[in-house]
Amino acid sequence: MQIKPRQHLLDIWRAMARHSFEDGKPILGETDGTSSVADAERLLCLLYPATEVPAFRLDQPDTTERDVLRALERIGTRLEIPANIISALAHFMRTHTDADNRPTFPGGHYFRPGGPGVELSDEQSRLGVVDSYSMSITLCLATLGFLKVYEASTARPEMRRAIGELRETTNTRLTAAMISLLRSFTVNVFDAESEQGKRLIQVIGQGSQSDRQVLQQFSRRLRPLRATIIESLTRGIQFDESIRDESQLFECGWAWGVVHGAPEVTDLETPFPGQPDGFADRLPYVYFTVVALDGIQDLFSERTLTLGLLGPDQQKLAEALRLRWELSQQYWSAIARFGAARWPLEDLPWQTTGLRLESEYFSLTVAAILVHDLIRRKATDDDLTRTVAIMERLADRGRVTSRMTRDDPAVRLHHPGVTMPLAGSERTGGLLLWRMTDFSAQLLKRSIQLAELSRNIAAQDRLLRLAEQVFEHLWSRRIEGEDADGVGLWDDARAVYPDARDVGPRMSWSITERITECLVAARNLYEQQPIRSPELAGLARELLSEATHLFGKEQLEAGSTRDGSRARALRSIESRLDHARELVDERPATAVSLALPVLQELDTLAQARGAAAQEV
């Protein structure tokens with residue numbers, strides 16, 4: 001199934017508007033007010049394409065396109081849509097603000113109790129979580145950009161007041177999210193002889209070397225990273241001083257929430273009071289690290305920088321987050337590719353060291369960090385090709401591109417999903433769990449990102465084929481049925497796994513939002529110039545060289561004739577040759593396709609001229 005970003009995004013917008021709006025007003029469903037993550041995901045399904053795809057822009061009503069207006073008719077008319085979006089955003093900001101006007105980031109119903117028959121307490125449901133911090137960064141930046149552009153399009157006093165109020169609350173939420181994300185970063189130091197140390201050595205050594213050799217390689221390979229952590233990490237973190245000892249192993253990344261004992265961030269020009277206490281253990285999760293990386297990169301997007309969306313304190317926080325962004329990518333990329341032979345990441349499934357879990361989902365999350373690192377250093381070498389093979393294997397093992405067998409355990413990747421305990425959450429009265437059900441959507445997102453990065457024709461072709469297969473799988477999982485909740489959105493896993501037991505349609509803003517992201521990424525991929533083939537570029541130049549020579553020869557003869565049709569043909573040939581020369585470096589295949597008919601036409605002209613000469 002070919003990915004058609006415009007058509008499919010409009011389908012999602014149409015379904016999202018039908019599900020979430022009535023006469024321009026947001027419909028408050030069961031997720032509203034209970035999970036800031038779900039509420040942010042819902043709004044991003046609309047706002048992310050509207051701020052990232054020029055053809056979907058809603059912040060300049062005079063330029064909104066007709067098919068976009070038809071898809072969003074439940075939200076309002078051309079002039080009403082921006083105002084109603086601002087109203088929905090203001091409602092989100094109010095809903096997730098406490099009595100002291102401080103932003104809150106509750107995981108809500110995304111948290112799950114750690115035992116049967118146990119219910120979440122109100123305190124537990126209000127706990128902040130990295131998903132919410134990261135999603136809030138993306139949502140706040142999209143909102144600020146939307147407001148900055150739309151403000152120039154309206155002169156209505158009440159609307160300008162609403163814009164000013166929303167901008168203030170959005171900036172406050174953005175700062176709070178950035179601070180919380182800083183305080184959720186952690187470095188976990190442990191001895192090589194500990195249980196966790198032995199597991200890490202086993203994962204990266206793969207049994208091919210002695211523990212001592214693996215420890216020496218770890219120390220040597222990660223020495224620069226260790227030094228950077230010791231010298232440069234100051235804001236919002238406390239780490240074990242034993243990290244200075246090179247015989248100690250360590251992991252870095254994001255815990256599930258603010259770390260227990262994390263100091264407040266105080267070195268800002270404008271003090272930010274009310275920073276909540278943390279409960280999370282100093283245990284990095286690859287899942288929450290990927291989530292944090294996705295949000296942080298939006299702080300450095302071209303749109304953020306061009307529109308100047310960050311204030312002085314936010315810029316300072318962004319630089320601190322960027323350092324952690326780079327450290328995490330370098331660490332997990334090094335761990336994933338450790339050694340000289342087979343990568344640890346190629347040894348599926350990945351085993352987590354702190355939680356002693358293993359799953360293809362964790363392989364995918366580590367691969368996602370590797371993708372971030374490949375993009376950061378613009379790698380187009382063997383690392384990318386090997387990562388493509390890993391993605392293809394994960395698609396097969398997850399039964400995304402292969403048939404599910406009877407009682408296939410792989411279906412648990414999709415339903416009920418992979419569950420993780422949140423270490424330290426027991427400080428709130430009971431252990432909490434976090435469940436991930438977006439394996440296929442994450443696989444699609446990373447495949448498209450890799451395809452966008454790849455400059456190798458064979459690798460990109462494999463990635464595009466994989467992305468189309470995964471997208472077809474996901475598109476088949478949309479909820480159908482007139483009376484179903486979330487019809488046209490996600491997720492109905494049973495549509496592709498009919499033999500799966502106890503699987504039914506369930507509305508998931510998490511999967512819906514990630515598919516929306518994937519379509520925006522696919523649009524960016526198609527906006528790129530196609531990969532240039534050196535072989536075709538050489539052939540194109542040879543064809544154009546011959547065509548230019550023959551054209552010059554025909555011009556010599558043209559001066560002695562009054563044949564108007566011949567003159568017009570030569571002018572057309574000259575125009576096409578000029579166009580082909582302009583394309584030869586960036587689109588050599590197109591240049592070849594233009595040169596071949598020109599050569600054929602020049603030959604026809606030459607034969608006609610020869611025949612005419614014989615008649616004379």
# chains A, B, ... in the order shown; residues from 1 in each chain; ligands from 1

$ residues_around --residues "Val584 of chain A" --least-positions-apart "6" --cutoff "7 Å" --atoms "only C-alpha atoms" --output "list in words"
Ala537, Ala540 and Ala591 of chain A

$ residues_around --residues "Gln213 of chain A" --least-positions-apart "4" --cutoff "12 Å" --atoms "only C-alpha atoms" --output "ChimeraX atom specification"
/A:192,201-202,204-205,207-209,217-220,247,339

$ closest_atom_pairs --of "segment 7-38 of chain A" --to "segment 46-66 of chain A" --cutoff "12 Å" --atoms "only C-alpha atoms" --output "Markdown table"
| residue | atom | partner | partner_atom | distance |
| --- | --- | --- | --- | --- |
| A:Gln7 | CA | A:Phe56 | CA | 11.3 |
| A:His8 | CA | A:Pro49 | CA | 11.6 |
| A:Leu9 | CA | A:Pro49 | CA | 8.0 |
| A:Leu10 | CA | A:Phe56 | CA | 9.0 |
| A:Asp11 | CA | A:Leu46 | CA | 11.7 |
| A:Ile12 | CA | A:Leu46 | CA | 8.9 |
| A:Trp13 | CA | A:Leu46 | CA | 6.6 |
| A:Arg14 | CA | A:Leu46 | CA | 10.0 |
| A:Ala15 | CA | A:Leu46 | CA | 10.8 |
| A:Met16 | CA | A:Leu46 | CA | 7.9 |
| A:Ala17 | CA | A:Leu46 | CA | 8.6 |
| A:Ser20 | CA | A:Leu46 | CA | 10.5 |
| A:Phe21 | CA | A:Leu46 | CA | 11.6 |

$ closest_residue --among "A:Arg568, A:Arg506, A:Arg399, A:Arg609" --to "Val470 of chain A" --atoms "only C-alpha atoms"
A:Arg399

$ atom_distance --atom1 "atom CA of Cys45 of chain A" --atom2 "atom CA of Arg377 of chain A"
29.3 Å

$ select_by_dssp --residues "segment 369-496 of chain A" --states "strand (DSSP E or B)" --output "ChimeraX atom specification"
/A:418-421,432-436,478,490

$ write_last_selection --atoms "all heavy atoms" --output "short mmCIF file (atom, residue, chain, number, x, y, z; two decimals), in the first residue's frame"
data_model
loop_
_atom_site.label_atom_id
_atom_site.label_comp_id
_atom_site.auth_asym_id
_atom_site.auth_seq_id
_atom_site.Cartn_x
_atom_site.Cartn_y
_atom_site.Cartn_z
N VAL A 418 3.58 -4.49 25.76
CA VAL A 418 4.70 -4.81 26.64
C VAL A 418 4.59 -3.94 27.89
O VAL A 418 4.42 -2.72 27.80
CB VAL A 418 6.04 -4.55 25.93
CG1 VAL A 418 7.21 -4.84 26.86
CG2 VAL A 418 6.13 -5.40 24.67
N THR A 419 4.69 -4.57 29.04
CA THR A 419 4.49 -3.87 30.31
C THR A 419 5.80 -3.76 31.07
O THR A 419 6.58 -4.72 31.13
CB THR A 419 3.46 -4.61 31.18
OG1 THR A 419 2.23 -4.70 30.45
CG2 THR A 419 3.20 -3.86 32.47
N MET A 420 6.06 -2.58 31.65
CA MET A 420 7.25 -2.34 32.46
C MET A 420 6.85 -1.85 33.84
O MET A 420 5.94 -1.03 33.97
CB MET A 420 8.12 -1.25 31.83
CG MET A 420 8.67 -1.51 30.46
SD MET A 420 9.76 -0.16 29.94
CE MET A 420 8.67 1.26 30.09
N PRO A 421 7.54 -2.32 34.89
CA PRO A 421 7.34 -1.72 36.21
C PRO A 421 8.08 -0.39 36.29
O PRO A 421 9.16 -0.24 35.71
CB PRO A 421 7.96 -2.75 37.16
CG PRO A 421 8.97 -3.48 36.33
CD PRO A 421 8.44 -3.48 34.92
N LEU A 432 3.62 0.88 40.20
CA LEU A 432 2.88 1.23 38.99
C LEU A 432 3.53 0.57 37.78
O LEU A 432 4.74 0.32 37.77
CB LEU A 432 2.84 2.74 38.79
CG LEU A 432 2.11 3.56 39.85
CD1 LEU A 432 2.25 5.05 39.55
CD2 LEU A 432 0.64 3.17 39.92
N LEU A 433 2.72 0.32 36.77
CA LEU A 433 3.19 -0.27 35.53
C LEU A 433 2.93 0.68 34.37
O LEU A 433 2.04 1.53 34.44
CB LEU A 433 2.49 -1.61 35.26
CG LEU A 433 2.52 -2.66 36.36
CD1 LEU A 433 1.70 -3.88 35.95
CD2 LEU A 433 3.96 -3.07 36.69
N TRP A 434 3.70 0.51 33.30
CA TRP A 434 3.51 1.30 32.08
C TRP A 434 3.48 0.32 30.91
O TRP A 434 4.31 -0.57 30.80
CB TRP A 434 4.65 2.28 31.89
CG TRP A 434 4.39 3.31 30.83
CD1 TRP A 434 4.77 3.27 29.52
CD2 TRP A 434 3.70 4.55 31.00
NE1 TRP A 434 4.36 4.40 28.86
CE2 TRP A 434 3.69 5.21 29.74
CE3 TRP A 434 3.08 5.18 32.08
CZ2 TRP A 434 3.10 6.45 29.55
CZ3 TRP A 434 2.49 6.41 31.88
CH2 TRP A 434 2.51 7.05 30.63
N ARG A 435 2.49 0.48 30.06
CA ARG A 435 2.30 -0.47 28.97
C ARG A 435 2.48 0.23 27.62
O ARG A 435 1.94 1.31 27.39
CB ARG A 435 0.91 -1.09 29.05
CG ARG A 435 0.62 -2.14 27.98
CD ARG A 435 -0.72 -2.81 28.25
NE ARG A 435 -0.65 -3.66 29.43
CZ ARG A 435 -1.70 -4.19 30.04
NH1 ARG A 435 -2.91 -3.96 29.56
NH2 ARG A 435 -1.55 -4.95 31.09
N MET A 436 3.23 -0.43 26.72
CA MET A 436 3.48 0.11 25.37
C MET A 436 2.79 -0.80 24.36
O MET A 436 3.05 -2.00 24.32
CB MET A 436 4.97 0.17 25.06
CG MET A 436 5.75 1.11 25.98
SD MET A 436 6.28 0.31 27.50
CE MET A 436 7.50 -0.83 26.92
N ARG A 478 -7.43 0.32 11.56
CA ARG A 478 -8.34 1.41 11.95
C ARG A 478 -9.66 0.83 12.46
O ARG A 478 -10.12 -0.22 12.00
CB ARG A 478 -8.61 2.33 10.77
CG ARG A 478 -7.45 3.23 10.38
CD ARG A 478 -7.82 4.08 9.19
NE ARG A 478 -8.27 3.25 8.08
CZ ARG A 478 -9.06 3.67 7.11
NH1 ARG A 478 -9.53 4.92 7.13
NH2 ARG A 478 -9.40 2.87 6.13
N TRP A 490 -7.46 4.72 15.57
CA TRP A 490 -6.85 3.46 15.98
C TRP A 490 -7.15 3.17 17.45
O TRP A 490 -7.32 4.09 18.25
CB TRP A 490 -5.33 3.56 15.78
CG TRP A 490 -4.93 3.36 14.36
CD1 TRP A 490 -4.52 2.21 13.76
CD2 TRP A 490 -4.92 4.35 13.32
NE1 TRP A 490 -4.27 2.42 12.43
CE2 TRP A 490 -4.50 3.73 12.13
CE3 TRP A 490 -5.24 5.70 13.29
CZ2 TRP A 490 -4.38 4.41 10.93
CZ3 TRP A 490 -5.13 6.38 12.10
CH2 TRP A 490 -4.70 5.73 10.93
#

$ residues_around --residues "Ala280 of chain A" --least-positions-apart "5" --cutoff "8 Å" --atoms "only C-alpha atoms" --output "mmCIF file with C-alpha atoms, in the first residue's frame"
data_model
loop_
_atom_site.group_PDB
_atom_site.id
_atom_site.type_symbol
_atom_site.label_atom_id
_atom_site.label_comp_id
_atom_site.auth_asym_id
_atom_site.auth_seq_id
_atom_site.Cartn_x
_atom_site.Cartn_y
_atom_site.Cartn_z
ATOM 1 C CA ALA A 255 13.891 7.571 34.174
ATOM 2 C CA TRP A 256 10.093 7.345 33.977
ATOM 3 C CA GLY A 257 9.636 10.628 35.868
ATOM 4 C CA VAL A 258 11.474 13.150 38.031
ATOM 5 C CA VAL A 259 14.218 11.262 39.890
ATOM 6 C CA HIS A 260 13.955 10.872 43.655
ATOM 7 C CA LEU A 422 8.117 1.890 37.112
ATOM 8 C CA ALA A 423 10.967 1.599 39.597
ATOM 9 C CA GLY A 424 10.432 3.888 42.564
ATOM 10 C CA SER A 425 6.689 4.322 42.053
#

$ residues_around --residues "Asp277 of chain A" --least-positions-apart "2" --cutoff "12 Å" --atoms "only C-alpha atoms" --output "ChimeraX atom specification"
/A:127-128,180,183-184,236,257-264,273-275,279-280,427-428

$ residues_around --residues "Ala88 of chain A" --least-positions-apart "4" --cutoff "8 Å" --atoms "only C-alpha atoms" --output "short mmCIF file (atom, residue, chain, number, x, y, z; two decimals) with C-alpha atoms, in the first residue's frame"
data_model
loop_
_atom_site.label_atom_id
_atom_site.label_comp_id
_atom_site.auth_asym_id
_atom_site.auth_seq_id
_atom_site.Cartn_x
_atom_site.Cartn_y
_atom_site.Cartn_z
CA LYS A 25 -16.58 22.77 20.47
CA PRO A 26 -14.35 19.98 21.82
CA ASN A 84 -11.82 27.02 18.01
CA PHE A 92 -6.06 21.78 27.82
#

$ closest_residue --among "A:Leu453, A:Thr353, A:Gln206, A:Arg523" --to "Ala341 of chain A" --atoms "only C-alpha atoms"
A:Gln206

$ select_by_dssp --residues "segment 328-504 of chain A" --states "helix (DSSP H, G or I)" --output "ChimeraX atom specification"
/A:328-336,344-346,360-376,382-397,409-413,425-428,439-453,457-475,493-495

$ decode --residues "segment 82-98 of chain A" --atoms "N, CA, C and O atoms" --output "short mmCIF file (atom, residue, chain, number, x, y, z; two decimals), in the first residue's frame"
data_model
loop_
_atom_site.label_atom_id
_atom_site.label_comp_id
_atom_site.auth_asym_id
_atom_site.auth_seq_id
_atom_site.Cartn_x
_atom_site.Cartn_y
_atom_site.Cartn_z
N PRO A 82 -9.29 28.49 13.43
CA PRO A 82 -8.20 28.90 14.33
C PRO A 82 -8.70 29.29 15.72
O PRO A 82 -8.07 28.93 16.73
N ALA A 83 -9.81 30.00 15.79
CA ALA A 83 -10.35 30.41 17.09
C ALA A 83 -10.77 29.21 17.92
O ALA A 83 -10.54 29.15 19.14
N ASN A 84 -11.39 28.20 17.29
CA ASN A 84 -11.82 27.02 18.01
C ASN A 84 -10.63 26.16 18.46
O ASN A 84 -10.68 25.51 19.50
N ILE A 85 -9.56 26.15 17.66
CA ILE A 85 -8.34 25.45 18.08
C ILE A 85 -7.74 26.13 19.29
O ILE A 85 -7.30 25.48 20.26
N ILE A 86 -7.71 27.45 19.29
CA ILE A 86 -7.19 28.20 20.44
C ILE A 86 -8.03 27.90 21.67
O ILE A 86 -7.50 27.73 22.78
N SER A 87 -9.34 27.81 21.50
CA SER A 87 -10.22 27.48 22.63
C SER A 87 -9.90 26.09 23.18
O SER A 87 -9.85 25.89 24.40
N ALA A 88 -9.68 25.11 22.29
CA ALA A 88 -9.36 23.75 22.74
C ALA A 88 -8.01 23.71 23.44
O ALA A 88 -7.84 23.02 24.46
N LEU A 89 -7.03 24.47 22.95
CA LEU A 89 -5.72 24.51 23.58
C LEU A 89 -5.80 25.17 24.96
O LEU A 89 -5.16 24.72 25.92
N ALA A 90 -6.58 26.25 25.05
CA ALA A 90 -6.75 26.92 26.35
C ALA A 90 -7.40 25.99 27.37
O ALA A 90 -7.03 25.98 28.55
N HIS A 91 -8.36 25.17 26.89
CA HIS A 91 -9.00 24.20 27.78
C HIS A 91 -7.98 23.18 28.28
O HIS A 91 -7.98 22.80 29.45
N PHE A 92 -7.10 22.72 27.41
CA PHE A 92 -6.06 21.78 27.82
C PHE A 92 -5.17 22.40 28.89
O PHE A 92 -4.85 21.75 29.91
N MET A 93 -4.73 23.63 28.66
CA MET A 93 -3.84 24.28 29.63
C MET A 93 -4.52 24.45 30.98
O MET A 93 -3.92 24.24 32.03
N ARG A 94 -5.81 24.83 30.98
CA ARG A 94 -6.54 24.99 32.25
C ARG A 94 -6.72 23.65 32.95
O ARG A 94 -6.59 23.55 34.17
N THR A 95 -7.05 22.62 32.18
CA THR A 95 -7.32 21.31 32.76
C THR A 95 -6.10 20.77 33.48
O THR A 95 -6.23 20.17 34.56
N HIS A 96 -4.93 21.00 32.91
CA HIS A 96 -3.71 20.43 33.49
C HIS A 96 -2.88 21.50 34.18
O HIS A 96 -1.68 21.66 33.94
N THR A 97 -3.58 22.24 35.04
CA THR A 97 -2.97 23.25 35.92
C THR A 97 -3.58 23.07 37.30
O THR A 97 -4.80 22.86 37.42
N ASP A 98 -2.74 23.14 38.35
CA ASP A 98 -3.27 22.91 39.70
C ASP A 98 -3.85 24.20 40.28
O ASP A 98 -3.91 25.24 39.61
#
